[in-house]
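Below: final_31.cif (mmCIF, C-alpha atoms, pLDDT in the B column; chains and numbers go by the auth columns)
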data_entry
loop_
_atom_site.group_PDB
_atom_site.id
_atom_site.type_symbol
_atom_site.label_atom_id
_atom_site.label_comp_id
_atom_site.label_asym_id
_atom_site.label_seq_id
_atom_site.Cartn_x
_atom_site.Cartn_y
_atom_site.Cartn_z
_atom_site.B_iso_or_equiv
_atom_site.auth_seq_id
_atom_site.auth_asym_id
ATOM 1 C CA MET A 1 25.032 -43.661 47.588 60.00 1 Q
ATOM 2 C CA GLU A 2 21.860 -43.001 45.655 76.00 2 Q
ATOM 3 C CA TYR A 3 18.710 -44.947 46.463 88.00 3 Q
ATOM 4 C CA GLN A 4 16.867 -46.503 43.534 93.00 4 Q
ATOM 5 C CA VAL A 5 13.258 -45.426 43.087 97.00 5 Q
ATOM 6 C CA LEU A 6 11.041 -46.901 40.376 98.00 6 Q
ATOM 7 C CA TRP A 7 8.968 -44.297 38.537 98.00 7 Q
ATOM 8 C CA ILE A 8 6.204 -45.627 36.270 97.00 8 Q
ATOM 9 C CA ASP A 9 5.101 -42.796 33.989 96.00 9 Q
ATOM 10 C CA ASP A 10 4.663 -42.570 30.216 95.00 10 Q
ATOM 11 C CA ASN A 11 5.880 -38.958 30.254 92.00 11 Q
ATOM 12 C CA LYS A 12 9.542 -38.957 31.267 95.00 12 Q
ATOM 13 C CA SER A 13 10.830 -35.706 32.764 95.00 13 Q
ATOM 14 C CA GLN A 14 14.605 -35.425 32.823 96.00 14 Q
ATOM 15 C CA GLU A 15 14.266 -32.390 35.098 96.00 15 Q
ATOM 16 C CA PHE A 16 12.375 -34.522 37.651 97.00 16 Q
ATOM 17 C CA ILE A 17 15.076 -37.202 37.449 97.00 17 Q
ATOM 18 C CA ASP A 18 17.880 -34.646 37.781 97.00 18 Q
ATOM 19 C CA VAL A 19 16.316 -32.882 40.790 97.00 19 Q
ATOM 20 C CA ALA A 20 15.687 -36.238 42.471 97.00 20 Q
ATOM 21 C CA SER A 21 19.338 -37.158 42.055 96.00 21 Q
ATOM 22 C CA GLU A 22 21.061 -33.843 42.731 96.00 22 Q
ATOM 23 C CA ILE A 23 18.987 -32.627 45.674 95.00 23 Q
ATOM 24 C CA TYR A 24 17.502 -35.763 47.236 95.00 24 Q
ATOM 25 C CA GLY A 25 20.031 -38.497 46.411 93.00 25 Q
ATOM 26 C CA LEU A 26 17.438 -40.611 44.615 96.00 26 Q
ATOM 27 C CA ASP A 27 18.289 -42.642 41.532 96.00 27 Q
ATOM 28 C CA ILE A 28 15.078 -42.612 39.499 97.00 28 Q
ATOM 29 C CA ILE A 29 14.584 -45.729 37.373 98.00 29 Q
ATOM 30 C CA HIS A 30 12.021 -44.642 34.791 98.00 30 Q
ATOM 31 C CA LYS A 31 9.697 -47.110 33.107 98.00 31 Q
ATOM 32 C CA GLY A 32 7.180 -45.852 30.557 97.00 32 Q
ATOM 33 C CA SER A 33 4.394 -48.360 31.207 97.00 33 Q
ATOM 34 C CA TYR A 34 2.912 -50.514 33.946 97.00 34 Q
ATOM 35 C CA THR A 35 4.005 -53.819 32.431 97.00 35 Q
ATOM 36 C CA SER A 36 7.647 -52.736 32.078 98.00 36 Q
ATOM 37 C CA GLY A 37 7.565 -51.210 35.562 98.00 37 Q
ATOM 38 C CA ILE A 38 6.149 -54.378 37.096 98.00 38 Q
ATOM 39 C CA GLU A 39 8.733 -56.471 35.262 98.00 39 Q
ATOM 40 C CA TRP A 40 11.569 -54.281 36.592 98.00 40 Q
ATOM 41 C CA LEU A 41 10.161 -54.358 40.133 97.00 41 Q
ATOM 42 C CA LYS A 42 9.867 -58.158 40.124 97.00 42 Q
ATOM 43 C CA GLU A 43 13.546 -58.417 39.197 96.00 43 Q
ATOM 44 C CA ASN A 44 14.787 -55.634 41.512 94.00 44 Q
ATOM 45 C CA LYS A 45 12.686 -55.679 44.675 92.00 45 Q
ATOM 46 C CA ASP A 46 15.809 -56.049 46.794 87.00 46 Q
ATOM 47 C CA ILE A 47 17.374 -52.821 45.529 88.00 47 Q
ATOM 48 C CA CYS A 48 14.211 -50.715 45.102 93.00 48 Q
ATOM 49 C CA PHE A 49 13.668 -48.205 47.890 92.00 49 Q
ATOM 50 C CA ALA A 50 10.350 -46.667 46.739 95.00 50 Q
ATOM 51 C CA VAL A 51 7.880 -46.623 43.836 96.00 51 Q
ATOM 52 C CA ILE A 52 6.183 -43.638 42.185 96.00 52 Q
ATOM 53 C CA LEU A 53 3.077 -44.305 40.076 94.00 53 Q
ATOM 54 C CA ASP A 54 1.362 -42.200 37.427 93.00 54 Q
ATOM 55 C CA VAL A 55 -2.368 -42.651 37.009 89.00 55 Q
ATOM 56 C CA ASN A 56 -2.926 -41.677 33.377 89.00 56 Q
ATOM 57 C CA CYS A 57 -0.305 -43.990 31.889 92.00 57 Q
ATOM 58 C CA LYS A 58 0.307 -46.687 29.280 95.00 58 Q
ATOM 59 C CA VAL A 59 -0.387 -50.349 29.952 95.00 59 Q
ATOM 60 C CA ASP A 60 2.643 -51.532 27.966 95.00 60 Q
ATOM 61 C CA ASP A 61 5.459 -50.039 25.919 94.00 61 Q
ATOM 62 C CA ASN A 62 3.644 -50.771 22.644 94.00 62 Q
ATOM 63 C CA SER A 63 0.590 -48.725 23.638 92.00 63 Q
ATOM 64 C CA THR A 64 0.062 -45.427 21.872 91.00 64 Q
ATOM 65 C CA ILE A 65 -2.561 -44.029 24.217 92.00 65 Q
ATOM 66 C CA THR A 66 -2.599 -43.432 27.935 91.00 66 Q
ATOM 67 C CA SER A 67 -5.499 -44.311 30.162 88.00 67 Q
ATOM 68 C CA MET A 68 -6.512 -44.317 33.806 87.00 68 Q
ATOM 69 C CA ASP A 69 -7.382 -47.977 33.164 88.00 69 Q
ATOM 70 C CA ALA A 70 -3.657 -48.790 33.277 91.00 70 Q
ATOM 71 C CA PHE A 71 -3.528 -47.623 36.881 89.00 71 Q
ATOM 72 C CA ILE A 72 -6.864 -49.204 37.792 87.00 72 Q
ATOM 73 C CA ASP A 73 -5.888 -52.559 36.290 90.00 73 Q
ATOM 74 C CA TYR A 74 -2.244 -52.753 37.408 93.00 74 Q
ATOM 75 C CA HIS A 75 -1.673 -50.742 40.585 90.00 75 Q
ATOM 76 C CA ARG A 76 -2.660 -53.720 42.741 90.00 76 Q
ATOM 77 C CA ASP A 77 0.081 -55.817 41.115 94.00 77 Q
ATOM 78 C CA VAL A 78 2.616 -53.123 42.006 94.00 78 Q
ATOM 79 C CA LEU A 79 1.325 -52.826 45.569 91.00 79 Q
ATOM 80 C CA GLU A 80 1.502 -56.601 46.063 92.00 80 Q
ATOM 81 C CA LEU A 81 5.155 -56.523 45.011 95.00 81 Q
ATOM 82 C CA CYS A 82 5.683 -53.688 47.494 92.00 82 Q
ATOM 83 C CA GLU A 83 4.371 -55.774 50.409 89.00 83 Q
ATOM 84 C CA ASN A 84 7.436 -57.917 51.054 84.00 84 Q
ATOM 85 C CA PRO A 85 9.852 -56.326 51.492 81.00 85 Q
ATOM 86 C CA ARG A 86 7.748 -53.312 52.418 87.00 86 Q
ATOM 87 C CA ILE A 87 8.490 -50.740 49.722 91.00 87 Q
ATOM 88 C CA PRO A 88 6.827 -47.331 50.096 92.00 88 Q
ATOM 89 C CA TRP A 89 4.798 -46.214 47.083 92.00 89 Q
ATOM 90 C CA PHE A 90 3.416 -42.861 45.982 92.00 90 Q
ATOM 91 C CA VAL A 91 1.026 -41.572 43.334 91.00 91 Q
ATOM 92 C CA TYR A 92 2.187 -38.596 41.235 92.00 92 Q
ATOM 93 C CA THR A 93 -0.242 -37.514 38.542 88.00 93 Q
ATOM 94 C CA ALA A 94 -1.190 -34.455 36.510 84.00 94 Q
ATOM 95 C CA GLY A 95 -4.876 -34.879 37.246 70.00 95 Q
ATOM 96 C CA ASP A 96 -5.807 -33.556 33.812 65.00 96 Q
ATOM 97 C CA PHE A 97 -8.075 -36.485 33.041 60.00 97 Q
ATOM 98 C CA MET A 98 -11.565 -37.642 33.864 60.00 98 Q
ATOM 99 C CA GLY A 99 -11.816 -39.361 37.216 60.00 99 Q
ATOM 100 C CA VAL A 100 -9.138 -37.632 39.281 65.00 100 Q
ATOM 101 C CA GLU A 101 -11.751 -36.883 41.929 64.00 101 Q
ATOM 102 C CA HIS A 102 -12.212 -40.639 42.401 64.00 102 Q
ATOM 103 C CA LEU A 103 -8.558 -41.346 43.212 70.00 103 Q
ATOM 104 C CA ALA A 104 -9.193 -41.281 46.955 65.00 104 Q
ATOM 105 C CA SER A 105 -11.597 -44.202 46.641 67.00 105 Q
ATOM 106 C CA ILE A 106 -9.315 -46.198 44.335 69.00 106 Q
ATOM 107 C CA ILE A 107 -6.010 -45.813 46.165 69.00 107 Q
ATOM 108 C CA PRO A 108 -5.828 -48.092 49.191 63.00 108 Q
ATOM 109 C CA SER A 109 -4.516 -46.524 52.365 59.00 109 Q
ATOM 110 C CA ARG A 110 -3.648 -49.807 54.050 56.00 110 Q
ATOM 111 C CA ARG A 111 -0.353 -49.609 55.865 60.00 111 Q
ATOM 112 C CA ARG A 112 0.799 -46.365 54.216 66.00 112 Q
ATOM 113 C CA ASN A 113 2.391 -45.096 57.413 67.00 113 Q
ATOM 114 C CA TRP A 114 5.018 -43.219 55.369 71.00 114 Q
ATOM 115 C CA ASP A 115 2.459 -40.817 53.871 75.00 115 Q
ATOM 116 C CA LEU A 116 -0.632 -40.690 56.045 67.00 116 Q
ATOM 117 C CA GLY A 117 -3.438 -38.528 54.783 70.00 117 Q
ATOM 118 C CA ARG A 118 -1.972 -37.946 51.320 78.00 118 Q
ATOM 119 C CA LYS A 119 -3.594 -39.886 48.487 80.00 119 Q
ATOM 120 C CA TYR A 120 -1.611 -38.404 45.603 86.00 120 Q
ATOM 121 C CA TYR A 121 0.708 -35.598 44.494 90.00 121 Q
ATOM 122 C CA ASN A 122 -0.144 -33.211 41.662 90.00 122 Q
ATOM 123 C CA LYS A 123 2.283 -33.132 38.759 90.00 123 Q
ATOM 124 C CA PRO A 124 4.361 -30.945 38.505 91.00 124 Q
ATOM 125 C CA ALA A 125 3.272 -28.589 41.303 92.00 125 Q
ATOM 126 C CA ASP A 126 3.955 -31.062 44.149 93.00 126 Q
ATOM 127 C CA ARG A 127 7.271 -32.361 42.765 95.00 127 Q
ATOM 128 C CA LYS A 128 9.406 -31.094 45.646 95.00 128 Q
ATOM 129 C CA ASP A 129 6.900 -32.257 48.271 95.00 129 Q
ATOM 130 C CA LEU A 130 6.815 -35.707 46.672 96.00 130 Q
ATOM 131 C CA LEU A 131 10.594 -36.071 46.448 97.00 131 Q
ATOM 132 C CA LYS A 132 11.008 -34.869 50.025 96.00 132 Q
ATOM 133 C CA LYS A 133 8.464 -37.439 51.213 94.00 133 Q
ATOM 134 C CA VAL A 134 10.084 -40.211 49.155 95.00 134 Q
ATOM 135 C CA LYS A 135 13.460 -39.367 50.706 94.00 135 Q
ATOM 136 C CA GLU A 136 11.907 -39.426 54.193 91.00 136 Q
ATOM 137 C CA ALA A 137 10.288 -42.791 53.484 90.00 137 Q
ATOM 138 C CA VAL A 138 13.626 -44.180 52.303 88.00 138 Q
ATOM 139 C CA GLU A 139 15.332 -42.908 55.459 85.00 139 Q
ATOM 140 C CA HIS A 140 12.716 -44.592 57.654 79.00 140 Q
ATOM 141 C CA ARG A 141 13.086 -48.023 56.096 64.00 141 Q
ATOM 142 C CA GLU A 142 14.286 -50.618 58.612 62.00 142 Q
ATOM 143 C CA PHE A 143 17.658 -51.196 56.977 54.00 143 Q
ATOM 144 C CA TYR A 144 18.499 -47.559 56.154 47.00 144 Q
ATOM 145 C CA ASP A 145 20.662 -47.118 59.284 48.00 145 Q
ATOM 146 C CA VAL A 146 22.682 -50.194 58.354 49.00 146 Q
ATOM 147 C CA LEU A 147 23.132 -48.872 54.824 50.00 147 Q
ATOM 148 C CA LYS A 148 24.354 -45.512 56.109 49.00 148 Q
ATOM 149 C CA LYS A 149 26.727 -47.125 58.593 50.00 149 Q
ATOM 150 C CA TYR A 150 28.333 -49.359 55.964 53.00 150 Q
ATOM 151 C CA GLU A 151 27.764 -47.080 52.986 56.00 151 Q
ATOM 152 C CA ASP A 152 31.288 -47.377 51.582 59.00 152 Q
ATOM 153 C CA VAL A 153 31.256 -51.158 51.452 54.00 153 Q
ATOM 154 C CA LEU A 154 27.641 -51.498 50.401 49.00 154 Q
ATOM 155 C CA SER A 155 27.783 -48.843 47.692 56.00 155 Q
ATOM 156 C CA HIS A 156 30.606 -50.805 46.057 55.00 156 Q
ATOM 157 C CA TYR A 157 28.516 -53.992 46.277 51.00 157 Q
ATOM 158 C CA HIS A 158 25.410 -52.088 45.101 48.00 158 Q
ATOM 159 C CA ASN A 159 27.250 -50.677 42.080 49.00 159 Q
ATOM 160 C CA ASP A 160 28.511 -54.144 41.180 49.00 160 Q
ATOM 161 C CA MET A 161 24.933 -55.457 41.269 47.00 161 Q
ATOM 162 C CA LEU A 162 23.846 -52.790 38.785 43.00 162 Q
ATOM 163 C CA LYS A 163 26.455 -53.712 36.186 41.00 163 Q
#
Structure translated into structure tokens:
Amino acid sequence: MEYQVLWIDDNKSQEFIDVASEIYGLDIIHKGSYTSGIEWLKENKDICFAVILDVNCKVDDNSTITSMDAFIDYHRDVLELCENPRIPWFVYTAGDFMGVEHLASIIPSRRRNWDLGRKYYNKPADRKDLLKKVKEAVEHREFYDVLKKYEDVLSHYHNDMLK
């Protein structure tokens, strides 16, 4: 059973998605903008196991330019959706834009017990570290043991939900 992880990033990397699936058992659901990512998360909170956010991203799918403003304006909406049920979230960004040094002050650390001390992961250098930490966070979710115990039955139900 693969665990669905929302990845909001305007720059889709099939290699990232493939590594996440093949090595870490994570089913990356890619959305190219914050508005489409938020829309997907609202509809799929019950089957989302983690969220990965890009900082320099598009606000919506019709945007032609990326901006740190997308993250600044919309990350709180994502984090509110991640509150109940508690969905771990991570920041994965290239850092090749103005303002990366200010990320630590922008990103709230409240209740991030799954990734203490780490504000963000550099793209692509920290890819393996990020995916490893996402997998660990998924495995420490309250219902993970139940999912593993009844994986055969639940994976059938889970696959039916995705159709």
Nearest to Q:Lys135: which of Q:Glu83, Q:Asp73, Q:Trp114, Q:Ile17 is it, counting only C-alpha atoms?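 Of Q:Glu83, Q:Asp73, Q:Trp114, Q:Ile17, the one nearest Q:Lys135 is Q:Trp114, counting only C-alpha atoms.
Closest to Q:Tyr74 among Q:Val91, Q:Ile38, Q:Val51, Q:Ile23 is Q:Ile38, based on only C-alpha atoms.
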Report as lines of an AutoDock Vina configuration file the centre and the edge lengths, in Å to one decimal, of the axis-aligned box holding every listed atom of stretch 42-61 of chain Q, padded by 3 Å on each side.
center_x = 7.2
center_y = -50.0
center_z = 36.9
size_x = 26.3
size_y = 22.7
size_z = 28.0
With the file shown as input, list the residues that the PyMOL selection byres ((chain Q and resi 44-50) around 7) selects, as an MDAnalysis selection string. chainID Q and resid 3:6 40:43 51:52 87:89 134 138
Using only C-alpha atoms, which of Q:Ala137, Q:Leu131, Q:Val59, Q:Val78 sits nearest Q:Tyr34?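 Looking at the shortest contact to Q:Tyr34, the residue is Q:Val59.
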Two-atom distance - atom CA of Q:Asp54, atom CA of Q:Ile8 (Å):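 Value for the atom CA of Q:Asp54-atom CA of Q:Ile8 distance: 6.0 Å.
For the atom pair formed by atom CA of Q:Asp115 and atom CA of Q:Glu136, the distance is 9.6 Å, given to one decimal.
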Pick the closest to Q:Met68 from Q:Gly25, Q:Ala20, Q:Asp10, Q:Lys123: which is it, counting only C-alpha atoms? Q:Asp10
Matched chain/residue IDs from the PyMOL selection byres ((chain Q and resi 92) around 9), as a list in words: Asp9, Ile52, Leu53, Asp54, Val55, Phe90, Val91, Thr93, Ala94, Gly95, Tyr120, Tyr121, Asn122, Lys123, Pro124, Asp126, Arg127 and Leu130 of chain Q
From the options Q:Lys12, Q:Ile29, Q:Asp18, Q:Arg118, which residue's atoms come nearest to Q:Cys57, counting only C-alpha atoms? Q:Lys12
Straight-line distance linking atom CA of Q:Tyr24 with atom CA of Q:Glu139, stated in Å to one decimal: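 That distance, rounded to one decimal, is 11.1 Å.
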